[in-house]
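The next block is work.cif, given as mmCIF, C-alpha atoms.
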data_start
#
loop_
_atom_site.label_atom_id
_atom_site.label_comp_id
_atom_site.auth_asym_id
_atom_site.auth_seq_id
_atom_site.Cartn_x
_atom_site.Cartn_y
_atom_site.Cartn_z
CA MET D 1332 -28.45 -82.20 -17.84
CA VAL D 1333 -28.14 -78.45 -18.08
CA LEU D 1334 -26.71 -76.20 -20.76
CA TYR D 1335 -23.82 -74.19 -19.38
CA VAL D 1336 -21.90 -71.36 -20.97
CA MET D 1337 -18.84 -69.56 -19.66
CA ARG D 1338 -20.02 -66.02 -19.25
CA ARG D 1339 -18.76 -63.20 -21.42
CA THR D 1340 -19.23 -59.55 -20.63
CA LEU D 1341 -22.91 -59.18 -21.41
CA ILE D 1342 -24.73 -56.05 -22.63
CA ALA D 1343 -28.49 -56.13 -22.18
CA ALA D 1344 -30.60 -55.52 -25.26
CA VAL D 1345 -32.88 -52.57 -24.50
CA ARG D 1346 -34.73 -50.03 -26.56
CA LEU D 1347 -32.82 -46.73 -26.68
CA GLY D 1348 -33.43 -43.42 -28.34
CA PRO D 1349 -31.15 -42.17 -31.16
CA SER D 1350 -29.09 -39.97 -28.84
CA LEU D 1351 -28.59 -42.72 -26.28
CA GLN D 1352 -27.66 -45.17 -29.03
CA LEU D 1353 -24.95 -42.81 -30.26
CA LEU D 1354 -23.64 -42.31 -26.74
CA LEU D 1355 -23.56 -46.05 -26.10
CA LEU D 1356 -21.70 -46.62 -29.38
CA LEU D 1357 -19.07 -44.06 -28.42
CA LEU D 1358 -18.63 -45.63 -24.99
CA ILE D 1359 -18.19 -49.07 -26.51
CA GLN D 1360 -15.60 -47.78 -28.96
CA MET D 1361 -13.60 -46.15 -26.17
CA THR D 1362 -13.66 -48.98 -23.64
CA VAL D 1363 -13.66 -52.19 -25.67
CA LEU D 1364 -12.27 -51.79 -29.16
CA PRO D 1365 -8.87 -50.15 -28.53
CA GLY D 1366 -6.30 -52.66 -27.32
CA ILE D 1367 -8.75 -55.49 -26.83
CA ALA D 1368 -5.92 -58.01 -26.45
CA ASP D 1369 -4.66 -56.10 -23.38
CA ARG D 1370 -8.07 -55.63 -21.83
CA ARG D 1371 -8.11 -56.31 -18.10
CA TYR D 1372 -9.98 -59.23 -16.64
CA ASP D 1373 -13.28 -57.65 -15.61
CA HIS D 1374 -15.31 -60.68 -14.51
CA HIS D 1375 -18.16 -59.35 -12.40
CA LEU D 1376 -17.68 -61.91 -9.61
CA LEU D 1377 -13.99 -61.10 -9.30
CA GLY D 1378 -14.99 -57.47 -9.19
CA SER D 1379 -12.60 -54.59 -9.71
CA SER D 1380 -10.01 -55.89 -7.27
CA LEU D 1381 -6.49 -54.86 -8.21
CA GLU D 1382 -5.35 -58.38 -7.30
CA TRP D 1383 -6.89 -59.67 -10.54
CA ASN D 1384 -5.85 -56.70 -12.65
CA ARG D 1385 -4.14 -58.80 -15.32
CA PRO D 1386 -4.18 -58.88 -19.14
CA TYR D 1387 -7.15 -60.86 -20.42
CA ASP D 1388 -8.13 -61.78 -23.96
CA PRO D 1389 -11.28 -63.96 -24.05
CA ARG D 1390 -10.46 -65.14 -27.58
CA VAL D 1391 -7.37 -67.07 -26.44
CA VAL D 1392 -9.01 -68.91 -23.51
CA ILE D 1393 -9.94 -72.46 -24.47
CA HIS D 1394 -10.79 -75.45 -22.28
CA SER D 1395 -8.87 -78.57 -23.29
CA ARG D 1396 -9.41 -81.03 -20.38
CA PHE D 1397 -11.95 -81.51 -17.59
CA GLN D 1398 -12.91 -83.66 -14.60
CA MET D 1399 -15.99 -83.83 -12.36
CA THR D 1400 -16.09 -84.26 -8.59
CA ARG D 1401 -18.57 -86.47 -6.75
CA ASP D 1402 -20.65 -83.39 -5.87
CA GLY D 1403 -20.97 -82.30 -9.48
CA ARG D 1404 -18.32 -79.60 -9.69
CA VAL D 1405 -16.63 -79.37 -13.09
CA ILE D 1406 -12.92 -78.59 -13.14
CA VAL D 1407 -11.60 -77.30 -16.46
CA VAL D 1408 -8.07 -76.73 -17.73
CA SER D 1409 -7.27 -73.54 -19.65
CA PRO D 1410 -3.70 -73.90 -20.95
CA ARG D 1411 -1.70 -70.75 -21.54
CA PHE D 1412 -1.12 -71.44 -25.21
CA ARG D 1413 -1.12 -67.71 -25.91
CA SER D 1414 -0.85 -64.56 -23.84
CA GLY D 1415 -4.04 -63.29 -22.19
CA VAL D 1416 -5.24 -66.29 -20.10
CA PRO D 1417 -5.94 -64.98 -16.55
CA PHE D 1418 -5.93 -68.38 -14.82
CA THR D 1419 -5.03 -71.86 -16.02
CA LEU D 1420 -7.44 -73.90 -13.86
CA GLY D 1421 -11.09 -73.12 -13.13
CA SER D 1422 -14.32 -74.69 -11.92
CA PHE D 1423 -18.09 -74.30 -11.92
CA ARG D 1424 -21.06 -76.16 -10.42
CA THR D 1425 -23.60 -78.32 -12.25
CA ALA D 1426 -25.32 -80.55 -9.69
CA GLY D 1427 -27.09 -78.12 -7.37
CA ALA D 1428 -30.82 -77.54 -7.73
CA SER D 1429 -30.26 -73.82 -8.35
CA ASP D 1430 -27.37 -74.51 -10.75
CA ARG D 1431 -29.55 -76.38 -13.23
CA SER D 1432 -31.37 -73.20 -14.20
CA VAL D 1433 -28.11 -71.37 -14.96
CA VAL D 1434 -27.44 -71.28 -18.68
CA GLU D 1435 -24.09 -69.47 -18.43
CA PRO D 1436 -22.10 -70.56 -15.37
CA ASP D 1437 -19.19 -68.49 -14.18
CA VAL D 1438 -15.90 -70.34 -14.45
CA LEU D 1439 -13.94 -69.22 -11.41
CA PRO D 1440 -10.22 -69.68 -10.72
CA LEU D 1441 -9.20 -72.76 -8.75
CA PRO D 1442 -7.50 -72.22 -6.33
CA SER D 1443 -9.24 -68.91 -5.81
CA ALA D 1444 -6.24 -66.96 -4.47
CA PRO D 1445 -4.80 -64.61 -7.14
CA ASP D 1446 -1.24 -65.61 -6.17
CA ALA D 1447 -2.03 -69.22 -7.11
CA HIS D 1448 -2.07 -68.32 -10.84
CA ARG D 1449 0.86 -66.40 -12.26
CA ALA D 1450 2.02 -65.81 -15.81
CA GLU D 1451 5.34 -64.37 -14.71
CA LYS D 1452 8.35 -65.66 -12.82
CA TRP D 1453 7.82 -66.22 -9.12
CA THR D 1454 10.20 -66.60 -6.20
CA PRO D 1455 9.09 -67.87 -2.77
CA PRO D 1456 8.83 -65.11 -0.15
CA ALA D 1457 11.87 -65.15 2.12
CA CYS D 1458 10.22 -63.68 5.20
CA THR D 1459 6.50 -64.31 5.27
CA ASN D 1460 6.24 -67.92 4.11
CA PRO D 1461 9.32 -69.42 2.43
CA ASN D 1462 7.54 -72.80 2.18
CA ALA D 1463 4.61 -71.40 0.19
CA PRO D 1464 3.67 -73.69 -2.73
CA ALA D 1465 4.66 -72.49 -6.17
CA PRO D 1466 1.77 -70.98 -8.16
CA LEU D 1467 0.20 -72.69 -11.15
CA VAL D 1468 1.86 -71.54 -14.37
CA ASN D 1469 0.43 -73.63 -17.21
CA VAL D 1470 -1.70 -76.69 -16.45
CA VAL D 1471 -2.10 -78.90 -19.53
CA ASP D 1472 -3.72 -82.05 -18.10
CA LEU D 1473 -5.43 -83.40 -15.00
CA CYS D 1474 -6.84 -86.60 -13.55
CA MET D 1475 -8.91 -87.38 -10.48
CA GLU D 1476 -8.80 -90.10 -7.87
CA ASP D 1477 -12.18 -91.83 -7.83
CA ILE D 1478 -12.17 -92.45 -4.06
CA ASN D 1479 -11.97 -88.79 -3.04
CA ASP D 1480 -11.95 -85.33 -4.52
CA VAL D 1481 -8.19 -85.14 -5.08
CA VAL D 1482 -7.11 -83.81 -8.46
CA TRP D 1483 -3.64 -84.38 -9.90
CA LEU D 1484 -2.37 -81.69 -12.28
CA LEU D 1485 0.44 -81.55 -14.80
CA ASP D 1486 1.99 -78.06 -14.87
CA VAL D 1487 4.62 -77.76 -17.62
CA GLY D 1488 5.93 -74.39 -16.37
CA VAL D 1489 6.11 -72.95 -19.92
CA VAL D 1490 3.65 -70.35 -21.27
CA ASP D 1491 2.83 -69.06 -24.76
CA THR D 1492 3.54 -72.52 -26.20
CA MET D 1493 1.61 -71.81 -29.41
CA THR D 1494 3.58 -68.69 -30.21
CA GLY D 1495 7.01 -68.19 -31.69
CA SER D 1496 8.49 -67.30 -28.31
CA PRO D 1497 7.49 -69.71 -25.52
CA ARG D 1498 8.75 -68.73 -22.06
CA ARG D 1499 9.77 -71.02 -19.20
CA LEU D 1500 8.70 -69.43 -15.93
CA ALA D 1501 9.09 -72.37 -13.57
CA PRO D 1502 10.18 -76.02 -13.52
CA ALA D 1503 7.62 -78.60 -14.61
CA LYS D 1504 5.73 -80.12 -11.71
CA VAL D 1505 2.99 -82.49 -10.64
CA VAL D 1506 0.45 -80.86 -8.33
CA ARG D 1507 -1.84 -82.56 -5.84
CA LEU D 1508 -4.99 -80.43 -5.40
CA GLU D 1509 -7.41 -81.35 -2.63
CA ILE D 1510 -10.91 -79.89 -2.88
CA GLU D 1511 -13.16 -79.26 0.10
CA GLU D 1512 -16.67 -78.40 -1.06
CA ASP D 1513 -18.59 -76.14 1.33
CA ARG D 1514 -22.25 -75.26 1.58
CA ASP D 1515 -21.88 -72.01 -0.31
CA HIS D 1516 -21.72 -73.25 -3.90
CA ARG D 1517 -21.80 -69.77 -5.43
CA GLY D 1518 -18.06 -69.31 -5.14
CA PRO D 1519 -15.04 -71.54 -5.72
CA PRO D 1520 -14.49 -74.37 -3.23
CA LYS D 1521 -11.83 -74.37 -0.57
CA SER D 1522 -8.69 -76.07 -1.79
CA SER D 1523 -5.09 -76.77 -0.88
CA TYR D 1524 -2.31 -78.04 -3.06
CA LYS D 1525 1.17 -79.51 -2.91
CA SER D 1526 3.76 -79.51 -5.70
CA PHE D 1527 6.22 -82.21 -6.80
CA GLU D 1528 8.91 -80.90 -9.13
CA ILE D 1529 9.66 -83.08 -12.14
CA ASN D 1530 13.29 -83.98 -12.65
CA ILE D 1531 13.59 -83.78 -16.43
CA ALA D 1532 17.07 -85.32 -16.32
CA THR D 1533 15.48 -88.53 -15.06
CA ALA D 1534 13.96 -89.04 -18.50
CA ASP D 1535 17.27 -88.73 -20.40
CA THR D 1536 17.61 -91.16 -23.26
CA ALA D 1537 20.50 -92.29 -25.42
CA ASP D 1538 20.07 -89.47 -27.92
CA GLY D 1539 21.10 -86.89 -25.31
CA CYS D 1540 17.90 -84.86 -25.25
CA SER D 1541 18.12 -81.54 -23.50
CA GLU D 1542 15.51 -80.07 -21.19
CA ALA D 1543 14.30 -77.78 -23.98
CA SER D 1544 13.32 -80.79 -26.10
CA SER D 1545 11.03 -82.24 -23.43
CA CYS D 1546 7.32 -82.21 -24.28
CA LEU D 1547 5.15 -83.21 -21.30
CA GLN D 1548 1.54 -83.88 -22.29
CA TYR D 1549 -0.57 -86.23 -20.14
CA ILE D 1550 -0.80 -87.41 -16.52
CA VAL D 1551 -2.46 -90.43 -14.90
CA THR D 1552 -2.12 -91.72 -11.35
CA TYR D 1553 -2.22 -95.20 -9.84
CA ARG D 1554 -2.10 -96.67 -6.34
CA SER D 1555 -0.66 -100.18 -6.27
CA ARG D 1556 -1.95 -102.94 -4.02
CA THR D 1557 1.48 -103.74 -2.56
CA GLY D 1558 3.58 -101.67 -0.19
CA GLU D 1559 2.65 -98.74 2.03
CA ARG D 1560 4.11 -95.86 0.02
CA ASN D 1561 2.67 -96.88 -3.30
CA HIS D 1562 1.09 -93.92 -5.08
CA TYR D 1563 2.45 -93.19 -8.56
CA ALA D 1564 2.04 -90.42 -11.12
CA PHE D 1565 2.80 -91.20 -14.77
CA VAL D 1566 3.67 -88.31 -17.13
CA SER D 1567 4.08 -88.82 -20.87
CA ASP D 1568 6.99 -87.07 -22.62
CA ALA D 1569 6.55 -87.34 -26.38
CA ALA D 1570 9.81 -85.59 -27.23
CA ARG D 1571 11.87 -88.12 -25.28
CA SER D 1572 9.63 -91.12 -26.09
CA THR D 1573 9.34 -91.89 -22.39
CA VAL D 1574 6.81 -92.06 -19.58
CA LEU D 1575 8.10 -90.53 -16.38
CA VAL D 1576 7.18 -92.47 -13.24
CA MET D 1577 7.01 -90.52 -9.98
CA ASN D 1578 6.37 -92.08 -6.58
CA THR D 1579 4.57 -89.21 -4.87
CA ASP D 1580 5.01 -90.86 -1.46
CA THR D 1581 8.80 -91.19 -1.62
CA GLY D 1582 9.74 -88.67 -4.31
CA ALA D 1583 11.56 -91.30 -6.39
CA GLN D 1584 11.49 -90.73 -10.16
CA TRP D 1585 12.48 -92.87 -13.13
CA ALA D 1586 11.43 -93.34 -16.75
CA MET D 1587 9.97 -96.05 -18.97
CA ASP D 1588 11.22 -96.01 -22.54
CA PHE D 1589 8.74 -96.19 -25.45
CA PRO D 1590 10.88 -95.83 -28.60
CA GLN D 1591 8.15 -96.90 -31.01
CA LYS D 1592 7.66 -93.61 -32.81
CA SER D 1593 6.85 -93.65 -36.49
CA LYS D 1594 9.69 -93.00 -38.92
CA GLY D 1595 9.85 -91.92 -42.51
CA HIS D 1596 7.09 -89.91 -44.20
CA GLU D 1597 4.63 -90.75 -41.39
CA ALA D 1598 6.86 -89.24 -38.67
CA ALA D 1599 5.79 -85.98 -37.05
CA GLU D 1600 8.13 -83.30 -35.78
CA ARG D 1601 5.91 -82.70 -32.73
CA ASP D 1602 4.31 -86.01 -31.88
CA ILE D 1603 1.71 -86.86 -29.23
CA LEU D 1604 2.19 -89.71 -26.76
CA PHE D 1605 -1.28 -90.72 -25.58
CA MET D 1606 -1.57 -92.53 -22.26
CA VAL D 1607 -4.53 -94.06 -20.38
CA LEU D 1608 -5.14 -96.49 -17.52
CA LEU D 1609 -7.54 -99.39 -18.08
CA SER D 1610 -8.70 -102.00 -15.55
CA THR D 1611 -9.68 -105.42 -16.87
CA ALA D 1612 -12.21 -107.87 -15.46
CA ASN D 1613 -9.48 -110.02 -13.86
CA GLY D 1614 -8.45 -107.14 -11.60
CA GLN D 1615 -5.35 -106.08 -13.52
CA THR D 1616 -4.57 -102.44 -14.30
CA TRP D 1617 -2.66 -101.67 -17.48
CA LEU D 1618 -1.01 -98.49 -18.69
CA TYR D 1619 -1.70 -98.16 -22.43
CA THR D 1620 0.33 -95.86 -24.68
CA THR D 1621 0.46 -95.03 -28.36
CA PHE D 1622 2.04 -92.31 -30.47
CA MET D 1623 -0.26 -90.45 -32.82
CA SER D 1624 2.22 -91.04 -35.64
CA GLY D 1625 2.83 -94.66 -34.59
CA CYS D 1626 1.00 -97.74 -35.75
CA LYS D 1627 1.13 -99.83 -32.56
CA VAL D 1628 -0.55 -99.80 -29.15
CA PHE D 1629 1.52 -100.85 -26.14
CA GLY D 1630 0.63 -101.83 -22.62
CA VAL D 1631 2.43 -102.17 -19.28
CA ASP D 1632 1.04 -104.30 -16.46
CA LEU D 1633 1.24 -102.19 -13.28
CA GLU D 1634 0.93 -105.16 -10.92
CA TYR D 1635 4.65 -105.15 -10.17
CA ILE D 1636 5.42 -101.46 -10.53
CA ASP D 1637 6.72 -101.39 -6.95
CA ARG D 1638 9.32 -104.02 -7.79
CA CYS D 1639 10.54 -101.95 -10.73
CA THR D 1640 10.97 -98.95 -8.46
CA LEU D 1641 13.02 -100.93 -5.93
CA ASP D 1642 15.14 -102.90 -8.37
CA GLY D 1643 15.55 -100.18 -10.99
CA ALA D 1644 14.34 -102.60 -13.67
CA GLN D 1645 12.27 -101.66 -16.69
CA PRO D 1646 8.79 -103.23 -16.78
CA ALA D 1647 7.80 -105.43 -19.68
CA VAL D 1648 6.27 -103.43 -22.54
CA VAL D 1649 3.71 -105.59 -24.34
CA GLU D 1650 2.45 -104.97 -27.86
CA MET D 1651 -1.36 -104.81 -27.61
CA GLY D 1652 -2.27 -104.45 -31.28
CA HIS D 1653 -1.94 -102.44 -34.50
CA LYS D 1654 -3.93 -99.34 -35.33
CA PRO D 1655 -5.75 -99.45 -38.69
CA TYR D 1656 -5.39 -95.67 -38.89
CA ARG D 1657 -4.19 -92.77 -36.77
CA ILE D 1658 -6.36 -92.12 -33.73
CA THR D 1659 -6.73 -89.40 -31.15
CA VAL D 1660 -7.22 -90.97 -27.71
CA LEU D 1661 -9.93 -89.05 -25.82
CA GLY D 1662 -9.99 -90.76 -22.40
CA THR D 1663 -11.59 -93.60 -20.45
CA ASP D 1664 -14.56 -94.40 -18.24
CA THR D 1665 -12.06 -95.29 -15.42
CA GLY D 1666 -12.87 -98.91 -16.22
CA SER D 1667 -11.89 -101.07 -19.18
CA ARG D 1668 -13.20 -98.84 -21.99
CA MET D 1669 -11.03 -96.40 -23.96
CA TYR D 1670 -12.54 -93.69 -26.19
CA PHE D 1671 -10.92 -92.33 -29.33
CA ARG D 1672 -11.61 -90.67 -32.68
CA ARG D 1673 -9.98 -90.23 -36.03
CA PRO D 1674 -8.12 -86.90 -36.17
CA THR D 1675 -10.22 -85.57 -39.07
CA GLU D 1676 -13.61 -86.84 -37.84
CA ASN D 1677 -15.96 -86.00 -34.97
CA GLU D 1678 -17.30 -89.49 -34.23
CA ILE D 1679 -16.47 -91.07 -30.86
CA TRP D 1680 -15.41 -94.71 -30.86
CA SER D 1681 -14.64 -97.06 -27.96
CA TRP D 1682 -12.54 -100.15 -27.39
CA ASP D 1683 -12.88 -102.47 -24.40
CA ALA D 1684 -9.64 -103.87 -22.98
CA ASN D 1685 -11.55 -107.02 -21.95
CA TYR D 1686 -12.11 -107.75 -25.64
CA GLY D 1687 -8.48 -108.67 -26.26
CA PRO D 1688 -6.02 -107.08 -28.67
CA PHE D 1689 -6.56 -103.59 -30.08
CA HIS D 1690 -8.29 -104.48 -33.34
CA PRO D 1691 -11.10 -102.96 -35.48
CA THR D 1692 -13.36 -105.91 -34.75
CA GLY D 1693 -13.51 -104.69 -31.14
CA PHE D 1694 -14.28 -101.07 -32.02
CA LYS D 1695 -17.74 -99.68 -31.24
CA LEU D 1696 -19.25 -96.46 -32.53
CA VAL D 1697 -20.48 -94.47 -29.53
CA SER D 1698 -21.50 -91.09 -30.89
CA LYS D 1699 -21.66 -89.40 -34.28
CA GLY D 1700 -20.51 -85.83 -34.73
CA THR D 1701 -23.45 -83.52 -35.39
CA ASP D 1702 -21.58 -80.24 -35.87
CA CYS D 1703 -18.11 -78.81 -36.34
CA ARG D 1704 -17.07 -79.23 -32.69
CA ALA D 1705 -14.47 -81.97 -32.37
CA PRO D 1706 -14.34 -84.13 -29.22
CA VAL D 1707 -11.12 -83.48 -27.31
CA HIS D 1708 -11.63 -85.24 -23.96
CA VAL D 1709 -13.89 -87.91 -22.46
CA ALA D 1710 -14.20 -88.53 -18.71
CA PRO D 1711 -16.75 -89.99 -16.25
CA GLY D 1712 -18.83 -87.51 -14.34
CA TYR D 1713 -21.84 -86.68 -12.23
CA GLY D 1714 -24.89 -88.93 -12.32
CA GLY D 1715 -23.05 -92.00 -13.58
CA PHE D 1716 -22.69 -90.59 -17.10
CA VAL D 1717 -19.60 -90.38 -19.25
CA TYR D 1718 -19.13 -86.84 -20.56
CA VAL D 1719 -17.33 -85.43 -23.58
CA LEU D 1720 -15.70 -82.04 -24.05
CA ARG D 1721 -16.07 -80.71 -27.60
CA SER D 1722 -14.51 -77.52 -28.95
CA ASN D 1723 -13.21 -75.74 -32.03
CA PHE D 1724 -9.66 -76.62 -31.02
CA VAL D 1725 -8.55 -77.19 -34.63
CA ASP D 1726 -9.52 -73.62 -35.51
CA TYR D 1727 -7.83 -72.44 -32.32
CA VAL D 1728 -4.54 -74.09 -33.29
CA ARG D 1729 -4.72 -72.47 -36.72
CA ASN D 1730 -5.59 -69.13 -35.09
CA SER D 1731 -8.69 -68.94 -37.27
CA THR D 1732 -11.49 -68.82 -34.69
CA GLY D 1733 -12.64 -65.40 -35.87
CA SER D 1734 -14.22 -62.77 -33.67
CA MET D 1735 -16.11 -65.31 -31.54
CA GLY D 1736 -12.89 -66.92 -30.35
CA ALA D 1737 -12.75 -70.35 -28.73
CA TYR D 1738 -15.81 -72.17 -27.42
CA SER D 1739 -16.38 -75.53 -25.72
CA LEU D 1740 -19.30 -77.86 -25.09
CA ILE D 1741 -19.57 -80.49 -22.34
CA GLN D 1742 -22.32 -83.07 -22.74
CA PRO D 1743 -23.06 -86.72 -21.84
CA VAL D 1744 -21.81 -89.34 -24.27
CA ILE D 1745 -25.27 -90.65 -25.06
CA THR D 1746 -27.74 -90.39 -27.91
CA LEU D 1747 -29.91 -87.42 -27.00
CA SER D 1748 -33.65 -87.76 -27.55
CA SER D 1749 -35.47 -85.41 -29.89
CA SER D 1750 -36.99 -83.57 -26.93
CA CYS D 1751 -33.53 -82.98 -25.51
CA SER D 1752 -31.71 -81.86 -28.63
CA VAL D 1753 -29.58 -78.74 -28.71
CA SER D 1754 -29.48 -76.43 -31.69
CA THR D 1755 -26.10 -75.15 -32.85
CA THR D 1756 -27.52 -71.88 -34.10
CA THR D 1757 -27.92 -68.60 -32.25
CA SER D 1758 -31.15 -69.91 -30.71
CA LEU D 1759 -29.14 -72.37 -28.60
CA GLN D 1760 -30.10 -70.79 -25.28
CA SER D 1761 -33.81 -70.91 -25.97
CA LYS D 1762 -33.72 -74.56 -27.05
CA ALA D 1763 -31.49 -75.82 -24.24
CA ASP D 1764 -33.44 -77.67 -21.56
CA GLY D 1765 -30.70 -79.28 -19.51
CA CYS D 1766 -29.04 -81.34 -22.23
CA ALA D 1767 -25.41 -80.20 -22.11
CA CYS D 1768 -22.81 -77.92 -20.61
CA LEU D 1769 -21.48 -75.21 -22.91
CA LEU D 1770 -18.38 -73.16 -22.15
CA THR D 1771 -17.47 -70.23 -24.36
CA ASP D 1772 -14.96 -67.46 -24.06
#

Turn the structure described in the file into structure tokens.
Amino acid sequence: MVLYVMRRTLIAAVRLGPSLQLLLLLLIQMTVLPGIADRRYDHHLLGSSLEWNRPYDPRVVIHSRFQMTRDGRVIVVSPRFRSGVPFTLGSFRTAGASDRSVVEPDVLPLPSAPDAHRAEKWTPPACTNPNAPAPLVNVVDLCMEDINDVVWLLDVGVVDTMTGSPRRLAPAKVVRLEIEEDRDHRGPPKSSYKSFEINIATADTADGCSEASSCLQYIVTYRSRTGERNHYAFVSDAARSTVLVMNTDTGAQWAMDFPQKSKGHEAAERDILFMVLLSTANGQTWLYTTFMSGCKVFGVDLEYIDRCTLDGAQPAVVEMGHKPYRITVLGTDTGSRMYFRRPTENEIWSWDANYGPFHPTGFKLVSKGTDCRAPVHVAPGYGGFVYVLRSNFVDYVRNSTGSMGAYSLIQPVITLSSSCSVSTTTSLQSKADGCACLLTD
């Protein structure tokens, strides 16, 4: 494993005379300090191209979700929580022989075309290509098909969601991104994508929710074993207490109702509806859901999801157990194991769906937190390992990250040996010997 850091603008440490030091200080004050929040994106690999001449604030860029391809490319999500995020989806390499010596990989936009990432309203060109796919606005979650390098994205279409004035720039959509890795691994891979607009009205419930009250959070995909046009995308909507079901082959959309939110003093104004897919040893695939403020875990058997689509019937929602405390669901190993943590702790726990009901007797401690970085996502990756993304997301939400801004760490979910430990001090680079992937902005 290799230590990876998202590159900042670096200034080499050299010995300078007093006059040169003064000159350098003046140059820094003129070019960096004034209006740092509106500083233009000056990544050295993107160059000085006017196409990428957009506002960029490295302190507001944080990676919240990730996936890995079969060739070892890491795809990271950078939601536009605040203004200053140049692109909302990026990637970097980890598996190449030359990549393992890179301590600070460059996270490049994916897709690489500047028009594929826009933080302003966009209308399709009328003359050149009216069928051009809509650009990515704000990707908040992603998942990957394990049989090929196809990534499914959830783009909510709203930016600046952690400010007092969020802006809707485009309808919410599900995006199918196909990656074609080429021999030149120094740049972003070739990719093509197709969008499926989400019909928010499909998820209407009895309380008459409006589109503004929708809160789309997670996406998972599933291909059933019956029928020919049988690929589904599931999108959780915490505000409406529903899971939107989209058949990406036919375009049909409908919603499953999960009204088991917590009430009373435990209720949260902005809840989270976690959602994962787990496959059991008997060949069944279940969709598990739970609200952060709720006390129950629910499951839906996806064996007959095609029948529900044809008949318009709601599938049976089964109660799978009670939570002994609030949990934050982190992800799965694409098998039967779900990973989670307590919201105020950094330990990673797992529960195996083959065990039976969701109960503390089936919980297993996987990893203890060794520093202040909280795990935010777990996913399988290159080399057969399960990886975890850790970050200072709690500080980011409170807007208290300080001058260093947001930072993220990707590492295998295993107990590292003493010879492969990583220091959390400023000597991190010198001690890293291929033990983790670190992304900082």

- [ ] Write out as a ChimeraX atom specification the residues lying within 6 Å of Ala1503 in chain D, counting all atoms listed in the file and excluding same-chain residues fewer than 2 positions away.
- [x] /D:1486-1488,1529

Taking the file above as input, evaluate the PyMOL selection byres ((chain D and resi 1743) around 6) and report the hits as a CSV table (one decimal) with C-alpha atoms, in the coordinates of the input.
chain,number,residue,atom,x,y,z
D,1717,VAL,CA,-19.6,-90.4,-19.2
D,1718,TYR,CA,-19.1,-86.8,-20.6
D,1742,GLN,CA,-22.3,-83.1,-22.7
D,1744,VAL,CA,-21.8,-89.3,-24.3
D,1745,ILE,CA,-25.3,-90.6,-25.1

Judged by all atoms listed in the file, the minimum distance to Ala1569 in chain D among D:Gly1614, D:Gly1582, D:Gly1625, D:Pro1410 is found for D:Gly1625

Written as a ChimeraX atom specification, which residues does the PyMOL selection byres ((chain D and resi 1613) around 12) give for the file shown? /D:1609-1612,1614-1617,1634,1666-1667,1684-1685

note - CA of Ser1555 in chain D and CA of Ala1586 in chain D are separated by 17.4 Å

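Once Glu1650 in chain D and its same-chain neighbours fewer than 3 positions away are set aside, Phe1589, Gln1591, Leu1618, Tyr1619, Thr1620, Thr1621, Cys1626, Lys1627, Val1628, Phe1629, Gly1630, Val1631, Asp1632, Ala1647, His1653, Lys1654, Gly1687, Pro1688 and Phe1689 of chain D remain within 12 Å of it when counting only C-alpha atoms.
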
For Asp1477 in chain D, list every protein, DNA or RNA residue within 10 Å, evaluated using all atoms listed in the file, and leave out those in the same chain fewer than 2 positions away; present the list as a list of chain:residue names.
->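 Once the adjacent positions are removed, what remains is D:Met1399, D:Thr1400, D:Arg1401, D:Cys1474, D:Met1475, D:Asn1479, D:Asp1480, D:Val1481, D:Val1482, D:Thr1665, D:Pro1711.
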